[in-house]
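Peer 1: What follows is the file input-v9.csv, containing CSV, C-alpha atoms and all ligand atoms:
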chain,number,residue,atom,x,y,z
H,1,MET,CA,-12.7,-10.2,-9.0
H,2,ARG,CA,-13.0,-6.7,-10.3
H,3,VAL,CA,-9.7,-5.4,-11.6
H,4,LEU,CA,-9.0,-1.7,-12.3
H,5,GLU,CA,-5.6,-1.8,-13.8
H,6,ILE,CA,-2.5,-4.1,-14.3
H,7,PHE,CA,0.7,-2.3,-15.1
H,8,ALA,CA,4.5,-2.6,-14.8
H,9,SER,CA,6.4,0.1,-12.8
H,10,LEU,CA,8.9,0.5,-10.0
H,11,GLN,CA,7.6,-0.1,-6.5
H,12,GLY,CA,7.4,3.5,-5.4
H,13,GLU,CA,6.7,3.0,-1.7
H,14,GLY,CA,7.7,1.0,1.3
H,15,VAL,CA,10.2,-1.7,2.1
H,16,ASN,CA,10.6,-2.8,-1.5
H,17,LEU,CA,11.1,0.8,-2.8
H,18,GLY,CA,12.6,0.9,-6.2
H,19,LYS,CA,12.1,-2.7,-7.3
H,20,PRO,CA,10.7,-3.4,-10.8
H,21,ALA,CA,7.2,-4.9,-10.2
H,22,VAL,CA,3.9,-5.6,-11.8
H,23,PHE,CA,0.9,-4.0,-10.0
H,24,VAL,CA,-2.6,-5.4,-9.9
H,25,ARG,CA,-5.1,-2.9,-8.6
H,26,LEU,CA,-8.4,-4.4,-7.4
H,27,ALA,CA,-11.6,-2.4,-7.2
H,28,GLY,CA,-13.4,-1.3,-4.0
H,29,CYS,CA,-12.6,0.4,-0.8
H,30,PRO,CA,-15.0,1.1,2.1
H,31,ILE,CA,-12.5,3.1,4.2
H,32,ARG,CA,-12.4,6.3,2.2
H,33,CYS,CA,-9.4,8.3,3.6
H,34,ALA,CA,-9.5,12.0,3.1
H,35,TYR,CA,-6.1,12.0,1.5
H,36,CYS,CA,-6.6,9.0,-0.8
H,37,ASP,CA,-4.8,9.5,-4.1
H,38,THR,CA,-6.8,6.6,-5.7
H,39,LYS,CA,-10.4,7.7,-5.2
H,40,TYR,CA,-11.4,6.1,-8.5
H,41,SER,CA,-10.8,2.8,-6.8
H,42,TRP,CA,-13.5,3.2,-4.2
H,43,ASP,CA,-16.4,1.9,-6.3
H,44,PHE,CA,-16.8,-1.8,-5.9
H,45,ALA,CA,-18.3,-2.1,-9.4
H,46,ALA,CA,-15.4,-0.2,-11.1
H,47,GLY,CA,-13.0,-1.9,-13.5
H,48,VAL,CA,-13.6,-5.2,-15.2
H,49,GLU,CA,-14.4,-8.7,-14.0
H,50,MET,CA,-11.4,-11.0,-14.5
H,51,THR,CA,-10.7,-14.6,-13.5
H,52,VAL,CA,-7.5,-15.5,-11.6
H,53,GLU,CA,-6.2,-17.2,-14.8
H,54,GLU,CA,-6.8,-14.0,-16.8
H,55,VAL,CA,-5.0,-11.8,-14.2
H,56,VAL,CA,-2.0,-14.1,-14.1
H,57,ALA,CA,-1.8,-14.2,-17.9
H,58,LYS,CA,-1.9,-10.4,-18.1
H,59,VAL,CA,0.8,-10.1,-15.4
H,60,ALA,CA,3.0,-12.6,-17.1
H,61,SER,CA,2.6,-10.9,-20.5
H,62,LEU,CA,4.1,-7.7,-19.1
H,63,GLY,CA,7.5,-9.5,-18.9
H,64,VAL,CA,8.6,-8.1,-15.5
H,65,ARG,CA,9.6,-11.0,-13.2
H,66,GLY,CA,10.4,-11.1,-9.5
H,67,HIS,CA,7.9,-8.9,-7.8
H,68,VAL,CA,4.1,-8.5,-7.9
H,69,VAL,CA,2.2,-5.9,-5.9
H,70,VAL,CA,-1.5,-6.5,-5.2
H,71,THR,CA,-3.2,-3.2,-4.3
H,72,GLY,CA,-6.5,-1.3,-4.6
H,73,GLY,CA,-8.7,0.0,-3.3
H,74,GLU,CA,-8.5,-2.3,-0.3
H,75,PRO,CA,-7.5,-5.7,-1.8
H,76,LEU,CA,-8.4,-7.7,1.3
H,77,ILE,CA,-12.1,-7.2,0.7
H,78,TRP,CA,-11.7,-9.8,-2.0
H,79,GLN,CA,-10.8,-12.5,0.5
H,80,ARG,CA,-12.8,-15.7,0.0
H,81,ARG,CA,-13.7,-14.4,-3.4
H,82,GLY,CA,-10.6,-15.3,-5.3
H,83,LEU,CA,-7.8,-13.3,-3.6
H,84,GLU,CA,-6.2,-16.3,-2.0
H,85,GLU,CA,-6.1,-18.2,-5.3
H,86,LEU,CA,-4.7,-15.1,-7.1
H,87,ALA,CA,-1.9,-14.6,-4.5
H,88,CYS,CA,-0.9,-18.2,-4.7
H,89,ALA,CA,-0.9,-18.2,-8.5
H,90,LEU,CA,1.1,-15.0,-8.7
H,91,ARG,CA,3.8,-16.4,-6.6
H,92,GLY,CA,4.9,-18.4,-9.6
H,93,LEU,CA,6.0,-15.1,-11.1
H,94,GLY,CA,7.7,-13.5,-8.1
H,95,ALA,CA,7.4,-12.4,-4.5
H,96,VAL,CA,3.9,-11.3,-3.6
H,97,GLU,CA,3.5,-8.0,-1.8
H,98,VAL,CA,0.0,-6.9,-0.6
H,99,GLU,CA,-0.8,-3.2,0.0
H,100,THR,CA,-3.4,-2.9,2.8
H,101,SER,CA,-4.9,-0.5,5.3
H,102,GLY,CA,-4.4,-3.2,8.0
H,103,VAL,CA,-8.1,-3.2,8.8
H,104,TYR,CA,-8.8,-6.8,7.7
H,105,PRO,CA,-6.6,-9.7,8.9
H,106,PRO,CA,-5.7,-12.2,6.2
H,107,THR,CA,-7.2,-15.6,6.0
H,108,PRO,CA,-4.6,-18.4,6.7
H,109,GLU,CA,-4.9,-19.3,3.0
H,110,LEU,CA,-4.0,-15.8,1.9
H,111,ASN,CA,-1.2,-15.5,4.5
H,112,SER,CA,0.4,-18.7,3.3
H,113,CYS,CA,1.0,-17.1,-0.2
H,114,VAL,CA,2.0,-13.5,0.8
H,115,ASP,CA,5.7,-12.5,1.1
H,116,TYR,CA,5.2,-8.9,2.3
H,117,TYR,CA,2.4,-6.9,3.7
H,118,ASP,CA,2.9,-3.2,3.1
H,119,VAL,CA,0.5,-2.0,5.8
H,120,SER,CA,-0.6,1.7,6.0
H,121,PRO,CA,-2.4,2.1,9.3
H,122,LYS,CA,-4.7,5.1,9.3
H,123,LEU,CA,-3.7,8.0,11.6
H,124,SER,CA,-6.1,10.9,12.5
H,125,ASN,CA,-5.1,12.7,9.3
H,126,ALA,CA,-7.1,10.1,7.3
H,127,GLY,CA,-10.3,11.4,9.0
H,128,VAL,CA,-11.9,8.0,9.1
H,129,LYS,CA,-12.6,5.1,11.5
H,130,ALA,CA,-10.3,2.3,10.4
H,131,PRO,CA,-9.6,-0.1,13.3
H,132,PHE,CA,-6.2,-1.7,13.0
H,133,SER,CA,-6.0,-5.5,13.1
H,134,PRO,CA,-3.4,-6.7,15.7
H,135,PHE,CA,-2.5,-9.6,13.3
H,136,TYR,CA,-0.1,-7.3,11.5
H,137,ALA,CA,1.8,-6.1,14.5
H,138,ARG,CA,2.8,-9.7,15.1
H,139,SER,CA,3.5,-10.7,11.5
H,140,PRO,CA,7.2,-11.0,10.4
H,141,LYS,CA,6.0,-10.2,6.9
H,142,ALA,CA,4.5,-6.8,7.8
H,143,TRP,CA,6.1,-3.4,7.3
H,144,PHE,CA,4.3,-0.2,8.3
H,145,LYS,CA,4.0,2.9,6.1
H,146,PHE,CA,2.6,5.9,7.9
H,147,VAL,CA,1.3,8.7,5.7
H,148,VAL,CA,2.5,11.9,7.4
H,149,ARG,CA,2.3,15.6,6.5
H,150,ASP,CA,3.9,17.4,9.5
H,151,ALA,CA,5.8,16.8,12.8
H,152,ALA,CA,2.6,16.1,14.8
H,153,ASP,CA,1.7,13.3,12.4
H,154,VAL,CA,5.2,11.9,12.9
H,155,GLU,CA,4.7,11.9,16.7
H,156,GLU,CA,1.4,10.2,16.2
H,157,ALA,CA,3.0,7.5,14.0
H,158,LEU,CA,5.6,6.7,16.7
H,159,GLN,CA,2.9,6.6,19.4
H,160,PHE,CA,0.9,4.2,17.2
H,161,ALA,CA,3.9,1.9,16.8
H,162,GLU,CA,4.6,2.0,20.5
H,163,VAL,CA,1.0,1.2,21.5
H,164,TRP,CA,0.9,-1.8,19.2
H,165,GLY,CA,4.4,-3.1,19.9
H,166,ILE,CA,5.6,-2.5,16.3
H,167,PRO,CA,9.4,-2.3,16.3
H,168,LYS,CA,10.8,1.0,15.1
H,169,GLU,CA,12.8,-0.8,12.4
H,170,ARG,CA,9.5,-1.8,10.7
H,171,VAL,CA,8.2,1.8,10.5
H,172,LEU,CA,8.5,3.9,7.4
H,173,LEU,CA,7.3,7.5,7.2
H,174,MET,CA,5.8,8.5,3.8
H,175,PRO,CA,5.0,12.0,2.8
H,176,MET,CA,1.4,12.8,2.1
H,177,ALA,CA,1.6,14.2,-1.4
H,178,GLN,CA,0.1,13.9,-4.9
H,179,SER,CA,2.5,16.0,-6.8
H,180,ALA,CA,6.3,16.3,-6.9
H,181,GLU,CA,6.2,19.8,-5.5
H,182,GLU,CA,4.0,18.9,-2.6
H,183,HIS,CA,6.2,15.8,-2.0
H,184,GLY,CA,9.3,18.0,-1.6
H,185,GLU,CA,7.6,20.4,0.7
H,186,VAL,CA,6.2,17.7,3.0
H,187,LEU,CA,9.6,15.9,3.1
H,188,ARG,CA,11.2,19.1,4.3
H,189,ARG,CA,8.4,19.5,6.9
H,190,ILE,CA,8.8,16.1,8.4
H,191,TRP,CA,12.6,15.8,8.2
H,192,ASP,CA,13.7,17.1,11.6
H,193,ALA,CA,10.9,15.3,13.5
H,194,ALA,CA,12.0,12.0,11.9
H,195,VAL,CA,15.7,12.7,12.8
H,196,ARG,CA,14.7,13.6,16.4
H,197,LEU,CA,12.5,10.5,16.9
H,198,GLY,CA,14.8,8.1,15.1
H,199,LEU,CA,12.3,7.1,12.4
H,200,ARG,CA,13.0,6.1,8.8
H,201,VAL,CA,11.6,8.2,6.0
H,202,THR,CA,11.1,6.9,2.5
H,203,PRO,CA,10.0,8.9,-0.5
H,204,ARG,CA,7.1,8.1,-2.9
H,205,LEU,CA,9.2,7.5,-6.0
H,206,HIS,CA,6.4,7.6,-8.6
H,207,ILE,CA,5.0,10.8,-7.2
H,208,ALA,CA,8.4,12.4,-7.3
H,209,ALA,CA,8.8,11.3,-10.9
H,210,TRP,CA,5.3,11.5,-12.4
H,211,GLY,CA,3.0,13.2,-10.0
H,212,ASN,CA,-0.3,11.2,-9.5
H,213,GLU,CA,-0.4,9.8,-13.0
H,214,ARG,CA,-2.4,6.7,-13.4
H,215,GLY,CA,-0.6,3.5,-14.4
H,216,ARG,CA,2.7,4.7,-12.8
F,301,LIG,C1,-4.2,3.7,-2.5
F,301,LIG,S1,-3.7,2.7,-1.1
F,301,LIG,C2,-4.2,1.1,-1.5
F,301,LIG,C3,-3.9,0.0,-0.4
F,301,LIG,C4,-4.7,0.2,0.9
F,301,LIG,N1,-6.1,0.6,0.7
F,301,LIG,C5,-4.0,1.1,1.8
F,301,LIG,O1,-4.5,2.2,2.1
F,301,LIG,O2,-2.9,0.8,2.2
F,301,LIG,C6,-1.9,2.6,-1.4
F,301,LIG,C7,-1.0,3.4,-0.6
F,301,LIG,O3,-1.1,4.7,-0.9
F,301,LIG,C8,-1.1,5.5,0.2
F,301,LIG,N2,-1.7,6.8,-0.1
F,301,LIG,C9,-2.9,7.1,-0.5
F,301,LIG,N3,-3.0,8.4,-0.7
F,301,LIG,C10,-1.9,9.0,-0.3
F,301,LIG,C11,-1.4,10.4,-0.3
F,301,LIG,N4,-2.2,11.4,-0.7
F,301,LIG,N5,-0.2,10.6,0.1
F,301,LIG,C12,0.6,9.5,0.5
F,301,LIG,N6,0.3,8.3,0.5
F,301,LIG,C13,-1.0,8.0,0.1
F,301,LIG,C14,-1.8,4.7,1.2
F,301,LIG,O4,-1.6,5.1,2.6
F,301,LIG,C15,-1.3,3.3,0.9
F,301,LIG,O5,0.0,3.1,1.6
F,302,LIG,N1,4.8,3.0,-8.6
F,302,LIG,C1,3.9,2.8,-7.7
F,302,LIG,N2,4.2,2.2,-6.5
F,302,LIG,C2,3.1,2.0,-5.7
F,302,LIG,N3,3.2,1.3,-4.5
F,302,LIG,C3,2.0,1.2,-4.0
F,302,LIG,C4,1.1,1.8,-4.8
F,302,LIG,C5,-0.4,1.8,-4.6
F,302,LIG,O1,-1.1,2.6,-5.2
F,302,LIG,O2,-0.8,0.9,-3.9
F,302,LIG,C6,1.8,2.3,-5.9
F,302,LIG,C7,1.5,3.0,-7.2
F,302,LIG,O3,0.4,3.3,-7.5
F,302,LIG,N4,2.6,3.2,-8.0
F,303,LIG,S1,-7.7,2.6,2.6
F,303,LIG,FE1,-6.3,2.9,0.9
F,303,LIG,S2,-7.6,2.9,-1.0
F,303,LIG,FE2,-9.0,3.0,0.8
F,303,LIG,S3,-9.3,5.2,0.9
F,303,LIG,FE3,-7.6,4.8,2.3
F,303,LIG,S4,-5.7,5.1,1.0
F,303,LIG,FE4,-7.5,5.0,-0.4
F,304,MG,MG,-0.7,4.6,-5.5
Any chance you could put this one into structure tokens?
Peer 2:
Amino acid sequence: MRVLEIFASLQGEGVNLGKPAVFVRLAGCPIRCAYCDTKYSWDFAAGVEMTVEEVVAKVASLGVRGHVVVTGGEPLIWQRRGLEELACALRGLGAVEVETSGVYPPTPELNSCVDYYDVSPKLSNAGVKAPFSPFYARSPKAWFKFVVRDAADVEEALQFAEVWGIPKERVLLMPMAQSAEEHGEVLRRIWDAAVRLGLRVTPRLHIAAWGNERGR
């Protein structure tokens, strides 16, 4: 597998917001959202080639136990090429959370070793074709983070959830932002729509603290 970075931080997004965790960022993404804050991950040949054993050893060496986040890029492109073995091996160090666009369903082998899917379905603001896999709407392990920048995006997120039968309690709205300043502005812009529609908002902790610094 090609690995871009492995670092310890706080989970800055989603249902496990605030938990200390080690992040494993895999290379490659074919989806290419307009707002992507990790465009350096798109190249499939980026990063370094690592075996499952090497990744697990590096994660263990960082000393943070209890939670491991596998992200990218789009990590599920590595299915049948080591991702299943990696997720199962990482489980020895903590709960395994996978960050995904929700375009690719997991193989049964991957699914058996994942504790949480942090799914970020792509709304029209991503400007891409990213067909959602119905697998996630039915998975008890899936939580849905919608990237929103205004009230219209919030309405679209709710509609998406209704169309796919995703319970409101599983929906989290996340401000589209790459700096602390932008993060505050967007939070203020989506606030009233979230109140009105009864949807939960979560911040992006690392963006509020560090901006879009790599390794945070
Ligand atoms: C870089 S993606 C990697 C995982 C997977 N490709 C995905 O999109 O879920 C990690 C998370 O960052 C979110 N994200 C990327 N750029 C963002 C931005 N400018 N503002 C808010 N969230 C963003 C994505 O929606 C996703 O939830
Ligand atoms: N602190 C922190 N939390 C995160 N949660 C998901 C991230 C990602 O890029 O997938 C991320 C990230 O890059 N940093
Ligand atoms: S799917 Fe994720 S990594 Fe790929 S472009 Fe979109 S936000 Fe970035
Ligand atoms: Mg990130």
Peer 1: Looking at H:Val201, H:Ala34, H:Leu17, H:Ala142, which one is nearest to Pro106 of chain H, with distances taken over all atoms listed in the file?
Peer 2: H:Ala142
Peer 1: Between H:Val119, H:Ala46, H:Val3, H:Leu205, which is the closest to Lys19 of chain H once you count all atoms listed in the file?
Peer 2: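 For Lys19 of chain H, the nearest of the given residues is H:Leu205.
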Peer 1: What does the list of residues within 9 Å of ligand MG 304 (chain F) look like if you count all atoms listed in the file, written as a list in words?
Peer 2: Gly12, Glu13, Cys36, Asp37, Thr38, Thr71, Gly72, Arg204, His206, Ile207, Asn212, Arg214, Gly215 and Arg216 of chain H
Peer 1: Contacts of segment 96-99 of chain H at 7 Å or less, counting only C-alpha atoms, minus same-chain residues fewer than 4 places along, as a count of residues only?
Peer 2: 14
Peer 1: Quote the spacing between atom CA of Lys141 of chain H and atom CA of Val186 of chain H in Å to one decimal place.
Peer 2: 28.2 Å
Peer 1: Given all atoms listed in the file as the basis, pick out the residue of H:Met174, H:Leu123, H:Leu10, H:Leu187 nearest to Glu156 of chain H.
Peer 2: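 Ranking H:Met174, H:Leu123, H:Leu10, H:Leu187 by distance to Glu156 of chain H, first place goes to H:Leu123.
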Peer 1: Interatomic distance between atom CA of Val103 of chain H and atom CA of Val154 of chain H?
Peer 2: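 Going from atom CA of Val103 of chain H over to atom CA of Val154 of chain H covers 20.5 Å.
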Peer 1: Go through H:Ile6, H:Ala137, H:Ala57, H:Ala126 and flag the residue nearest ligand LIG 303 (chain F), using all atoms listed in the file for the distances.
Peer 2: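 Among H:Ile6, H:Ala137, H:Ala57, H:Ala126, it is H:Ala126 that comes nearest to ligand LIG 303 (chain F).
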Peer 1: Record the distance separating atom O3 of ligand LIG 302 (chain F) and atom CA of Gly63 of chain H, expressed in Å with one decimal.
Peer 2: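 Atom-to-atom, atom O3 of ligand LIG 302 (chain F) to atom CA of Gly63 of chain H, that is 18.6 Å.
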Peer 1: Here is a test: counting only C-alpha atoms, which residue of H:Gly47, H:Gly211, H:Gly102, H:Pro203 is nearest to Ile77 of chain H?
Peer 2: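 Using only C-alpha atoms, the shortest distance to Ile77 of chain H belongs to H:Gly102.
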Peer 1: Set the cut-off to 10 Å, count only C-alpha atoms and all ligand atoms, and list whatever residues fall near ligand LIG 303 (chain F) as a PyMOL selection string.
Peer 2: chain H and resi 25-42+71-75+99-103+119-122+126-128+130+147
Peer 1: Which polymer residues have any atom within 9 Å of an atom of Arg189 of chain H, counting only C-alpha atoms, with same-chain residues fewer than 3 positions away left out, as a ChimeraX atom specification?
Peer 2: /H:149-151,184-186,192-193
Peer 1: Counting only C-alpha atoms, I want the residues whose atoms come within 10 Å of (3.1, 4.8, 14.8) in the file frame, returned as a PyMOL selection string.
Peer 2: chain H and resi 121-123+144-146+153-168+171-173+199
Peer 1: Which residue out of H:Gly92, H:Gly18, H:Pro134, H:Pro175 has the minimum interatomic distance to ligand LIG 301 (chain F) when all atoms listed in the file are used?
Peer 2: H:Pro175
Peer 1: May I have the residues within 9 Å of Leu86 of chain H as number ranges by chain, using all atoms listed in the file and disregarding those fewer than 2 positions away in the same chain?
Peer 2: H: 51-53, 55-56, 82-84, 88-91
